[in-house]
Amino acid sequence: MSRTLAEKVWEAHVVRHGSGAEPDLLYIDLHLLHEVTSPQAFDGLRLAGRGLRRADLTIATEDHNVPTVDIDKPIADLVSRTQVETLRRNCAEFGVRLHPMGDFEQGIVHVVGPQLGLTQPGMTVVCGDSHTSTHGAFGALAFGIGTSEVEHVMATQTLPLRPFKTMAINVNGALGEGVTAKDIILAVIAKIGTGGGQGYVLEYRGDAIEALSMEARMTVCNMSIEAGARAGMIAPDDTTFDYIKGRPHAPSGADWDAAVEYWKTLRTDDDATFDAEVNLDAAELTPFVTWGTNPGQGLPLSANIPDPEKIADENERVAAEKALTYMGLEAGTPLRDIRVDTVFLGSCTNGRIEDLRAAADVIKGKHVASGVRMLVVPGSMRVRKQAEDEGLDKVFLDAGAEWRQAGCSMCLGMNPDQLAPGERSASTSNRNFEGRQGKGGRTHLVSPLVAAATAVRGTLSAPADLEN
Amino acid sequence: MDAFTTHTGVGVPLRRSNVDTDQIIPAVYLKRVTRTGFEDGLFAAWRGDEHFILNQEPFKAGSVLVAGPDFGTGSSREHAVWALMDYGFRVVVSSRFADIFRGNSGKQGLVAAQCSQSDVELLWKVLESEPGTPVTVDLTDKTVRAKDLVAPFEIDDYTRWRLLEGLDDIALTLRHEPEISAFEGNRQTWLPTTDPLPAV
């Protein structure tokens with residue numbers, strides 16, 4: 001029977017099929033941990049007298065709470081420090097490999113897995129973090145789980161799950177100059193809405209997706225959850241294999257050949273059908289930004305703020321009115337006229353080396369606008385080192401930006417990098433929810449290229465605007 | 001987990017769609033390592049506004065939240081469920097739940113009752129016209145009742161069964177330990193482990 005990529009990976013991991021209403025039991029190949037969603041799970045194991053079944057399929061890093069300056073000093077926030085120290089104690093007690101603050105492999109959990117070569121095609125990958133969908137870029141079935149499920153995986157290395165439905169997101173055509181993976185995914189979310197992917201695994205397909213680099217594919221899959229989908233996937237190909245080859249945990253020798261042979265079977269069969277399909281023309285896409293307080297409230301940068309009065313659906317109209325009030329924006333304002341206070345370049349969406357290179361290329365020889373602060377936060381210490389080897393740190397510093405240590409930073413208000421109430425950001429992160437970047441903060445989601453151009457002009461801008 | 005059959009309590013109309021988990025509990029409250037005491041973080045930003053529904057009598061004592069579509073979107077934080085339950089909520093009614101939130105609810109014994117949007121609107125009207133109206137949520141016949149209104153809701157049969165029985169997922173899975181071991185014995189040998197690599 002013909003099957004989709006998601007169905008192939010699912011079936012290869014079924015420990016037992018459920019009967020009737022009972023879910024399937026799925027084996028988990030890789031469990032990623034961080035300090036925020038794991039402490040109560042470790043506690044649960046201790047209370048029940050259970051062990052961690054497969055420490056050798058588990059790895060931890062510190063990312064959400066960590067400061068991105070002065071990392072040689074103890075974390076000033078005592079509650080954050082306790083959480084990080086709790087992770088260290090738990091990992092020591094249960095024998096879990098941990099990359100702590102300051103370690104060369106430390107970084108955002110979704111940057112660390114792929115760069116170590118731990119994320120490979122056809123695997124099941126979970127983490128107590130919704131952006132686990134990132135790893136689907138390798139053709140893995142990867143999704144975020146809650147703390148109860150974290151404990152479940154710790155105790156059993158499995159999860160009881162009901163099969164997802166499948167949705168093809170076909171993106172064909174060639175992207176224009178200055179249009180990136182971030183613009184693709186923001187356009188997808190605007191098209192299908194924040195609930196459009198609920199219950200589905202999205203498979204991104206088409207020549208525009210095949211043309212993307214591995215890191216760009218991670219950006220696309222990363223934000224699948226913002227469309228409500230648990231997971232997003234892209235079929236592995238030579239781009240995928242080239243990226244993995246030679247990484248610390250990649251197979252080698254005869255194992256490599258066996259793995260690649262299997263990975264090449266991980267494609268949706270030609271005559272397989274999806275439960276839903278969505279089509280997007282890559283050639284029509286332009287730089288995309290959000291104007292509201294959910295990631296579906298986005299528009300091309302050339303557009304104006306929408307008028308809620310003209311929105312037919314009552315729930316959406318009320319949501320738009322509330323969003324504009326929170327964002328301090330007027331209907332009809334050109335998006336390009338919106339002035340920002342802060343530009344954040346980083347996160348598990350856009351904190352990889354290619355993101356930093358793209359932004360550096362725009363900002364090189366220019367300067368951050370007066371009154372604007374720009375934070376550049378590499379997704380991992382390894383990315384940071386690579387950027388420094390390429391001189392990117394100097395490009396950003398010369399432009400007046402701040403060059404930080406690795407972590408989740410300003411993507412979420414859990415560490416010292418936050419917006420002040422009323423402050424407005426252009427951010428390469430993934431969520432523009434109320435208060436996401438700090439209480440009262442206002443977020444516009446953008447690509448690294450738009451972030452860099454916005455930093456220079458002080459208003460939402462694309463690189464092309466710098467040439468005028 | 002405590003078993004759940006029926007619950008009757010004050011219904012709270014929350015006329016908002018896309019209530020994401022950052023609104024249910026902001027990240028700053030996620031730094032704790034304990035499992036209880038998250039009620040202070042529930043809707044923290046909105047509770048600063050005296051007009052917010054949970055700051056009004058008799059809604060303060062609410063235990064059945066009736067919200068707009070796409071409830072619980074965004075982050076996977078189970079703290080969102082803990083905060084709702086620590087505050088006293090036993091049921092959330094919405095026409096559409098985010099998948100992770102619904103899963104987390106099922107693990108903790110919070111009932112995520114999926115009603116039609118038209119029934120949600122009717123519930124809102126009842127709860128707003130007569131604040132304090134008790135709402136009864138019956139998991140055995142899958143209905144939400146308030147005054148004369150009887151609204152059916154959907155919940156998957158397996159979660160419903162576990163909630164009715166108050167069963168622990170991990171214990172259920174461990175009954176299949178031999179199958180897990182058998183599966184492990186057949187995994188490809190080239191799959192990666194996280195064992196530290198020898199220094200080069």
# chains A, B, ... in the order shown; residues from 1 in each chain; ligands from 1

$ residues_around --residues "segment 290-293 of chain A" --least-positions-apart "6" --cutoff "10 Å" --atoms "only C-alpha atoms" --output "VMD selection string"
(chain A and resid 186 to 187 190 299 to 301 304 to 306 319 to 329 335 338 426 to 427 431 to 436 442 to 446) or (chain B and resid 18 20)

$ interface_residues --of "chain B" --to "chain A" --cutoff "8 Å" --atoms "only C-alpha atoms" --output "ChimeraX atom specification"
/B:16-18,20,22-23,26-28,30-35,45,68,70,73-78,96,98-100,103-104,107-108,156-158,169-170,173-174,177,179-180,183,190-197

$ write_last_selection --atoms "C-alpha atoms" --output "PDB file, in the first residue's frame"
ATOM      1  CA  ARG B  16     -11.461  35.283  23.457  1.00  0.00           C
ATOM      2  CA  SER B  17     -10.124  33.144  20.633  1.00  0.00           C
ATOM      3  CA  ASN B  18      -6.514  31.973  20.355  1.00  0.00           C
ATOM      4  CA  ASP B  20      -2.302  30.746  23.833  1.00  0.00           C
ATOM      5  CA  ASP B  22       1.725  32.253  27.122  1.00  0.00           C
ATOM      6  CA  GLN B  23      -1.551  33.972  28.142  1.00  0.00           C
ATOM      7  CA  PRO B  26       3.561  33.588  31.173  1.00  0.00           C
ATOM      8  CA  ALA B  27       7.053  32.121  30.925  1.00  0.00           C
ATOM      9  CA  VAL B  28       8.286  33.933  34.013  1.00  0.00           C
ATOM     10  CA  LEU B  30       7.795  28.496  34.529  1.00  0.00           C
ATOM     11  CA  LYS B  31      11.011  28.759  36.475  1.00  0.00           C
ATOM     12  CA  ARG B  32       9.709  26.768  39.405  1.00  0.00           C
ATOM     13  CA  VAL B  33      10.716  23.166  39.888  1.00  0.00           C
ATOM     14  CA  THR B  34       7.674  22.226  41.954  1.00  0.00           C
ATOM     15  CA  ARG B  35       4.460  20.707  40.675  1.00  0.00           C
ATOM     16  CA  ALA B  45      -1.200  39.607  32.556  1.00  0.00           C
ATOM     17  CA  GLY B  68     -13.314  30.837  22.259  1.00  0.00           C
ATOM     18  CA  ASP B  70      -8.117  27.582  19.418  1.00  0.00           C
ATOM     19  CA  THR B  73      -2.142  27.150  21.269  1.00  0.00           C
ATOM     20  CA  GLY B  74       1.609  27.672  21.267  1.00  0.00           C
ATOM     21  CA  SER B  75       4.047  26.380  23.835  1.00  0.00           C
ATOM     22  CA  SER B  76       3.924  22.786  25.114  1.00  0.00           C
ATOM     23  CA  ARG B  77       4.107  23.936  28.753  1.00  0.00           C
ATOM     24  CA  GLU B  78       2.004  21.600  30.898  1.00  0.00           C
ATOM     25  CA  ARG B  96     -11.147  23.832  19.150  1.00  0.00           C
ATOM     26  CA  ALA B  98      -4.494  22.876  20.400  1.00  0.00           C
ATOM     27  CA  ASP B  99      -3.263  19.281  20.244  1.00  0.00           C
ATOM     28  CA  ILE B 100      -0.536  19.465  22.878  1.00  0.00           C
ATOM     29  CA  GLY B 103      -3.007  15.910  25.438  1.00  0.00           C
ATOM     30  CA  ASN B 104      -1.599  17.532  28.566  1.00  0.00           C
ATOM     31  CA  LYS B 107      -2.784  13.362  31.449  1.00  0.00           C
ATOM     32  CA  GLN B 108      -3.707  15.556  34.411  1.00  0.00           C
ATOM     33  CA  ASP B 156     -11.639  10.842  22.408  1.00  0.00           C
ATOM     34  CA  ASP B 157     -12.820   7.523  23.819  1.00  0.00           C
ATOM     35  CA  TYR B 158      -9.470   6.440  25.206  1.00  0.00           C
ATOM     36  CA  ASP B 169      -0.612   6.268  31.601  1.00  0.00           C
ATOM     37  CA  ILE B 170       2.854   5.066  32.547  1.00  0.00           C
ATOM     38  CA  THR B 173       2.333   1.293  29.168  1.00  0.00           C
ATOM     39  CA  LEU B 174       4.577  -0.719  31.473  1.00  0.00           C
ATOM     40  CA  GLU B 177       7.284  -3.973  28.748  1.00  0.00           C
ATOM     41  CA  GLU B 179       6.947  -5.739  23.650  1.00  0.00           C
ATOM     42  CA  ILE B 180       9.093  -2.656  24.244  1.00  0.00           C
ATOM     43  CA  PHE B 183      11.197  -3.764  19.725  1.00  0.00           C
ATOM     44  CA  TRP B 190      23.477   2.392  13.160  1.00  0.00           C
ATOM     45  CA  LEU B 191      20.935   4.523  14.999  1.00  0.00           C
ATOM     46  CA  PRO B 192      22.714   7.119  17.155  1.00  0.00           C
ATOM     47  CA  THR B 193      23.074   7.070  20.918  1.00  0.00           C
ATOM     48  CA  THR B 194      23.902  10.080  23.045  1.00  0.00           C
ATOM     49  CA  ASP B 195      26.817   8.329  24.737  1.00  0.00           C
ATOM     50  CA  PRO B 196      29.698  10.803  24.872  1.00  0.00           C
ATOM     51  CA  LEU B 197      32.172  10.351  22.030  1.00  0.00           C
TER      52      LEU B 197
END

$ residues_around --residues "Trp124 of chain B" --least-positions-apart "3" --cutoff "12 Å" --atoms "only C-alpha atoms" --output "short mmCIF file (atom, residue, chain, number, x, y, z; two decimals) with C-alpha atoms, in the first residue's frame"
data_model
loop_
_atom_site.label_atom_id
_atom_site.label_comp_id
_atom_site.auth_asym_id
_atom_site.auth_seq_id
_atom_site.Cartn_x
_atom_site.Cartn_y
_atom_site.Cartn_z
CA GLY B 11 -19.10 28.65 34.55
CA VAL B 12 -16.76 31.42 33.38
CA PRO B 13 -17.37 32.93 29.92
CA LEU B 14 -14.01 33.89 28.36
CA ARG B 15 -14.84 35.63 25.10
CA ARG B 16 -11.46 35.28 23.46
CA VAL B 64 -15.70 25.48 34.22
CA LEU B 65 -14.01 27.77 31.71
CA VAL B 66 -15.91 28.41 28.47
CA ALA B 67 -13.49 29.89 25.93
CA GLY B 68 -13.31 30.84 22.26
CA VAL B 93 -15.00 24.10 27.03
CA SER B 94 -13.95 25.30 23.57
CA GLN B 117 -18.96 27.08 18.44
CA SER B 118 -22.72 27.72 18.35
CA ASP B 119 -23.12 25.90 21.68
CA VAL B 120 -20.19 27.88 23.10
CA GLU B 121 -22.02 31.07 22.08
CA LEU B 127 -23.40 32.68 31.79
CA GLU B 128 -23.38 36.39 31.00
CA SER B 129 -27.10 36.94 31.49
CA GLU B 130 -27.11 35.02 34.78
CA PRO B 131 -23.65 35.18 36.31
CA GLY B 132 -22.94 32.31 38.65
CA THR B 133 -25.08 29.82 36.73
CA VAL B 135 -22.61 24.29 34.76
CA ALA B 146 -26.48 24.94 32.03
CA LEU B 149 -29.14 24.11 27.59
#

$ residues_around --residues "Val376 of chain A" --least-positions-apart "6" --cutoff "9 Å" --atoms "only C-alpha atoms" --output "list of chain:residue names"
A:Val343, A:Phe344, A:Leu345, A:Gly346, A:Gly351, A:Leu356, A:Asp393, A:Phe396, A:Ala401, A:Glu402, A:Trp403, A:Arg404, A:Gln405

$ select_by_dssp --residues "segment 6-150 of chain A" --states "helix (DSSP H, G or I)" --output "PyMOL selection string"
chain A and resi 6-11+39-48+55-57+78-94+109-115+130-138+147-150

$ write_last_selection --atoms "C-alpha atoms" --output "mmCIF file, in the first residue's frame"
data_model
loop_
_atom_site.group_PDB
_atom_site.id
_atom_site.type_symbol
_atom_site.label_atom_id
_atom_site.label_comp_id
_atom_site.auth_asym_id
_atom_site.auth_seq_id
_atom_site.Cartn_x
_atom_site.Cartn_y
_atom_site.Cartn_z
ATOM 1 C CA ALA A 6 4.922 10.471 7.983
ATOM 2 C CA GLU A 7 3.100 7.137 7.776
ATOM 3 C CA LYS A 8 6.329 5.293 6.940
ATOM 4 C CA VAL A 9 8.155 6.732 9.927
ATOM 5 C CA TRP A 10 5.166 6.105 12.180
ATOM 6 C CA GLU A 11 4.815 2.468 11.204
ATOM 7 C CA PRO A 39 12.130 18.924 36.793
ATOM 8 C CA GLN A 40 8.591 17.733 37.582
ATOM 9 C CA ALA A 41 9.121 14.713 35.311
ATOM 10 C CA PHE A 42 12.294 13.663 37.136
ATOM 11 C CA ASP A 43 10.381 14.155 40.399
ATOM 12 C CA GLY A 44 7.628 11.912 39.079
ATOM 13 C CA LEU A 45 10.151 9.138 38.397
ATOM 14 C CA ARG A 46 11.560 9.422 41.903
ATOM 15 C CA LEU A 47 8.114 9.400 43.522
ATOM 16 C CA ALA A 48 7.114 6.269 41.617
ATOM 17 C CA ALA A 55 19.759 7.483 29.242
ATOM 18 C CA ASP A 56 21.755 6.628 26.108
ATOM 19 C CA LEU A 57 18.930 8.027 23.953
ATOM 20 C CA LEU A 78 17.704 32.821 42.023
ATOM 21 C CA VAL A 79 14.638 30.985 40.711
ATOM 22 C CA SER A 80 16.276 30.530 37.307
ATOM 23 C CA ARG A 81 19.495 29.449 38.952
ATOM 24 C CA THR A 82 17.626 26.840 40.996
ATOM 25 C CA GLN A 83 15.989 25.464 37.866
ATOM 26 C CA VAL A 84 19.324 25.138 36.058
ATOM 27 C CA GLU A 85 20.969 23.582 39.110
ATOM 28 C CA THR A 86 18.051 21.164 39.413
ATOM 29 C CA LEU A 87 18.657 19.998 35.842
ATOM 30 C CA ARG A 88 22.335 19.456 36.646
ATOM 31 C CA ARG A 89 21.495 17.410 39.739
ATOM 32 C CA ASN A 90 18.857 15.369 37.904
ATOM 33 C CA CYS A 91 21.163 14.622 34.970
ATOM 34 C CA ALA A 92 23.919 13.533 37.344
ATOM 35 C CA GLU A 93 21.530 11.298 39.301
ATOM 36 C CA PHE A 94 19.979 9.630 36.231
ATOM 37 C CA VAL A 109 18.091 22.269 22.250
ATOM 38 C CA HIS A 110 16.848 22.354 18.636
ATOM 39 C CA VAL A 111 20.135 23.733 17.380
ATOM 40 C CA VAL A 112 22.224 21.291 19.411
ATOM 41 C CA GLY A 113 20.562 18.023 18.238
ATOM 42 C CA PRO A 114 21.089 18.615 14.512
ATOM 43 C CA GLN A 115 24.580 20.043 14.820
ATOM 44 C CA SER A 130 6.733 22.662 21.009
ATOM 45 C CA HIS A 131 9.468 23.708 18.570
ATOM 46 C CA THR A 132 10.710 20.130 18.440
ATOM 47 C CA SER A 133 9.013 20.182 15.038
ATOM 48 C CA THR A 134 12.327 21.703 13.848
ATOM 49 C CA HIS A 135 13.900 18.243 13.567
ATOM 50 C CA GLY A 136 11.307 17.214 10.989
ATOM 51 C CA ALA A 137 13.466 19.024 8.430
ATOM 52 C CA PHE A 138 15.550 15.815 8.329
ATOM 53 C CA THR A 147 5.841 17.205 31.124
ATOM 54 C CA SER A 148 3.661 14.133 31.800
ATOM 55 C CA GLU A 149 4.768 12.773 28.436
ATOM 56 C CA VAL A 150 8.394 13.676 29.214
#

$ atom_distance --atom1 "atom CA of Phe274 of chain A" --atom2 "atom CA of Val220 of chain A"
19.3 Å

$ atom_distance --atom1 "atom CA of Gly232 of chain A" --atom2 "atom CA of Glu203 of chain A"
5.7 Å

$ residues_around --residues "Lys142 of chain B" --least-positions-apart "2" --cutoff "8 Å" --atoms "only C-alpha atoms" --output "ChimeraX atom specification"
/B:137-140,144,152-155

$ select_by_dssp --residues "segment 93-312 of chain A" --states "strand (DSSP E)" --output "NGL selection string"
:A and (97-99 or 124-127 or 141-144 or 158-161 or 165-172 or 200-205 or 231-233 or 276-281 or 288-290 or 298-300)

$ residues_around --residues "Leu163 of chain B" --least-positions-apart "3" --cutoff "6 Å" --atoms "only C-alpha atoms" --output "JSON, numbers by chain"
{"B": [3, 4, 160, 166]}
